[in-house]
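Next comes work-v7.cif, a file with mmCIF, C-alpha atoms and all ligand atoms.
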```cif
data_start
#
loop_
_atom_site.group_PDB
_atom_site.id
_atom_site.type_symbol
_atom_site.label_atom_id
_atom_site.label_comp_id
_atom_site.auth_asym_id
_atom_site.auth_seq_id
_atom_site.Cartn_x
_atom_site.Cartn_y
_atom_site.Cartn_z
ATOM 1 C CA MET Q 1 -36.718 0.294 -11.087
ATOM 2 C CA LYS Q 2 -37.210 3.689 -12.755
ATOM 3 C CA ALA Q 3 -35.988 4.382 -16.313
ATOM 4 C CA THR Q 4 -33.793 7.487 -16.609
ATOM 5 C CA GLY Q 5 -34.013 7.849 -20.371
ATOM 6 C CA CYS Q 6 -30.209 7.840 -20.558
ATOM 7 C CA VAL Q 7 -28.522 5.463 -22.990
ATOM 8 C CA ARG Q 8 -24.738 5.290 -22.979
ATOM 9 C CA LYS Q 9 -22.315 3.347 -25.131
ATOM 10 C CA PRO Q 10 -19.301 1.991 -23.210
ATOM 11 C CA ASP Q 11 -15.917 3.137 -24.550
ATOM 12 C CA PRO Q 12 -13.313 0.503 -25.532
ATOM 13 C CA LEU Q 13 -12.301 0.145 -21.862
ATOM 14 C CA GLY Q 14 -15.915 -0.387 -20.757
ATOM 15 C CA ARG Q 15 -16.302 3.064 -19.186
ATOM 16 C CA ILE Q 16 -19.498 5.060 -19.269
ATOM 17 C CA VAL Q 17 -20.279 8.535 -17.987
ATOM 18 C CA ILE Q 18 -23.012 8.901 -15.390
ATOM 19 C CA PRO Q 19 -24.915 12.068 -16.335
ATOM 20 C CA VAL Q 20 -24.310 14.980 -13.963
ATOM 21 C CA ARG Q 21 -28.047 15.260 -13.273
ATOM 22 C CA LEU Q 22 -28.123 11.680 -11.949
ATOM 23 C CA ARG Q 23 -24.947 12.186 -9.915
ATOM 24 C CA LYS Q 24 -26.381 15.309 -8.302
ATOM 25 C CA ASN Q 25 -29.697 13.611 -7.562
ATOM 26 C CA LEU Q 26 -27.904 10.690 -5.907
ATOM 27 C CA GLY Q 27 -25.349 12.800 -4.041
ATOM 28 C CA ILE Q 28 -22.424 11.301 -5.936
ATOM 29 C CA GLU Q 29 -19.430 13.627 -5.979
ATOM 30 C CA HIS Q 30 -16.017 13.486 -7.623
ATOM 31 C CA GLY Q 31 -13.899 10.889 -5.828
ATOM 32 C CA ASP Q 32 -16.824 8.988 -4.275
ATOM 33 C CA ASP Q 33 -16.689 5.222 -4.490
ATOM 34 C CA ILE Q 34 -19.354 3.473 -6.563
ATOM 35 C CA GLU Q 35 -20.334 -0.129 -5.838
ATOM 36 C CA LEU Q 36 -21.527 -2.396 -8.654
ATOM 37 C CA PHE Q 37 -24.172 -5.071 -8.218
ATOM 38 C CA VAL Q 38 -25.553 -7.599 -10.647
ATOM 39 C CA ASP Q 39 -29.232 -8.547 -10.513
ATOM 40 C CA GLY Q 40 -30.038 -10.986 -13.299
ATOM 41 C CA GLU Q 41 -29.422 -9.049 -16.498
ATOM 42 C CA TYR Q 42 -29.128 -5.701 -14.688
ATOM 43 C CA ILE Q 43 -25.988 -3.899 -13.526
ATOM 44 C CA VAL Q 44 -26.819 -1.644 -10.601
ATOM 45 C CA LEU Q 45 -24.521 1.189 -9.510
ATOM 46 C CA LYS Q 46 -24.769 2.508 -5.972
ATOM 47 C CA LYS Q 47 -22.806 5.133 -4.074
ATOM 48 C CA TYR Q 48 -20.655 3.079 -1.736
ATOM 49 C CA THR Q 49 -21.436 3.435 1.925
ATOM 50 C CA GLN Q 50 -19.152 2.016 4.586
ATOM 51 C CA PRO Q 51 -21.119 -0.656 6.455
ATOM 52 C CA CYS Q 52 -21.588 -0.654 10.221
ATOM 53 C CA ILE Q 53 -18.584 -2.333 11.848
ATOM 54 C CA PHE Q 54 -20.916 -4.401 14.040
ATOM 55 C CA CYS Q 55 -23.920 -5.474 11.937
ATOM 56 C CA ARG Q 56 -22.718 -4.661 8.342
ATOM 57 C CA GLN Q 57 -25.909 -2.654 7.620
ATOM 58 C CA THR Q 58 -25.435 0.376 5.331
ATOM 59 C CA GLU Q 59 -28.435 2.488 6.407
ATOM 60 C CA ASP Q 60 -28.237 5.395 8.874
ATOM 61 C CA ILE Q 61 -24.464 5.237 9.297
ATOM 62 C CA CYS Q 62 -22.537 7.812 11.292
ATOM 63 C CA GLU Q 63 -18.825 8.040 11.863
ATOM 64 C CA TYR Q 64 -17.513 7.846 15.404
ATOM 65 C CA ARG Q 65 -13.773 8.040 16.038
ATOM 66 C CA GLY Q 66 -13.062 6.874 12.490
ATOM 67 C CA LYS Q 67 -15.435 3.889 12.709
ATOM 68 C CA HIS Q 68 -18.746 3.604 10.883
ATOM 69 C CA ILE Q 69 -21.612 2.646 13.181
ATOM 70 C CA CYS Q 70 -25.348 2.467 12.421
ATOM 71 C CA ASP Q 71 -27.884 4.271 14.597
ATOM 72 C CA THR Q 72 -29.187 1.002 16.067
ATOM 73 C CA CYS Q 73 -25.741 -0.166 17.175
ATOM 74 C CA MET Q 74 -24.900 3.344 18.438
ATOM 75 C CA ILE Q 75 -27.981 3.270 20.665
ATOM 76 C CA SER Q 76 -26.986 -0.206 21.889
ATOM 77 C CA LEU Q 77 -23.489 1.055 22.704
ATOM 78 C CA ARG Q 78 -24.823 4.062 24.583
ATOM 79 C CA TYR Q 79 -27.187 1.791 26.529
ATOM 80 C CA TYR Q 80 -24.290 -0.580 27.251
ATOM 81 C CA ASP Q 81 -22.110 2.317 28.463
ATOM 82 C CA MET Q 82 -24.942 3.590 30.635
ATOM 83 C CA ILE Q 83 -25.504 0.150 32.231
ATOM 84 C CA LYS Q 84 -21.773 -0.416 32.614
ATOM 85 C CA GLY Q 85 -21.472 2.996 34.300
ATOM 86 C CA LEU Q 86 -24.222 2.119 36.750
ATOM 87 C CA TYR Q 87 -22.447 -1.053 37.864
ATOM 88 C CA LYS Q 88 -19.099 0.729 38.344
ATOM 89 C CA LYS Q 89 -20.516 2.954 41.079
HETATM 90 ZN ZN ZN W 1 -24.940 -1.726 13.234
#
```

For this file, produce the structure as structure tokens.
Ligand SMILES: [Zn+2]
Amino acid sequence: MKATGCVRKPDPLGRIVIPVRLRKNLGIEHGDDIELFVDGEYIVLKKYTQPCIFCRQTEDICEYRGKHICDTCMISLRYYDMIKGLYKK
């Protein structure tokens, strides 16, 4: 884990501001969802990524017809469609 040098005091409602520099570096824009994790004594914030509808992985996700699918599952689907197409003929 890398220190950012930023220290923030939560307001009475527990809110803190994530510095614009960090938001830009992490690709977090206004309206994005942020997911919170707890790891021991650490609170980790991460830009929320819809998981793959098949394997629940959150890496290399693309959207296809409104569904979020990872590259691995997309390749499997294309292979399945190709095989299925071969047997139809
Ligand atoms: Zn997947």

- Message: Given all atoms listed in the file as the basis, pick out the residue of Q:Leu86, Q:Ile53, Q:Val38, Q:Leu13 nearest to ligand ZN 1 (chain W).
- Response: Q:Ile53

- CA of Tyr48 (chain Q) to CA of Lys9 (chain Q): how many Å, to one decimal? 23.5 Å

- Query: Can you tell me which residues sit at most 10 Å away from ligand ZN 1 (chain W), counting only C-alpha atoms and all ligand atoms, written as an NGL selection string?
  - Reply: :Q and (51-61 or 68-77)

- Task: Would you mind reading off the distance between CA of Gly31 (chain Q) and CA of Thr4 (chain Q), one decimal, in Å?
- Result: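 Computed distance, CA of Gly31 (chain Q) to CA of Thr4 (chain Q), equals 22.9 Å.
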
- Please identify all polymer residues within 12 Å of Arg21 (chain Q), counting all atoms listed in the file, omitting same-chain residues fewer than 5 positions from it, and present them as JSON, numbers by chain. {"Q": [4, 5, 6, 26, 27, 28, 29]}

- Query: Can you tell me how far CA of Ile83 (chain Q) sits from CA of Tyr64 (chain Q), in Å to one decimal?
  - Reply: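 Distance reported for this atom pair: 20.2 Å.
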
- Counting only C-alpha atoms, which of Q:Lys67, Q:Lys84, Q:Arg8, Q:Lys47 gets nearest to Asn25 (chain Q)? Q:Lys47

Enclosing box along x, y and z for every listed atom of region 5-12 of chain Q, padded 8 Å each side, centre and size in Å, one decimal, as JSON:
```
{"center_x": -23.7, "center_y": 4.2, "center_z": -23.0, "size_x": 36.7, "size_y": 23.3, "size_z": 21.2}
```

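Using all atoms listed in the file for every distance, the candidate list Q:Val20, Q:Lys88, Q:Met1, Q:Met82 yields Q:Met1 as the residue closest to Tyr42 (chain Q).
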
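Using all atoms listed in the file, the shortest contact distance between Arg23 (chain Q) and any of Q:Arg78, Q:Ala3, Q:Lys46, Q:Cys62 is found at Q:Lys46.
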
- For each of Q:Leu36, Q:Tyr80, Q:Gly85, Q:Glu63, take the minimum atom-to-atom distance to Gln50 (chain Q), counting only C-alpha atoms, then give the residue where this is smallest. Q:Glu63
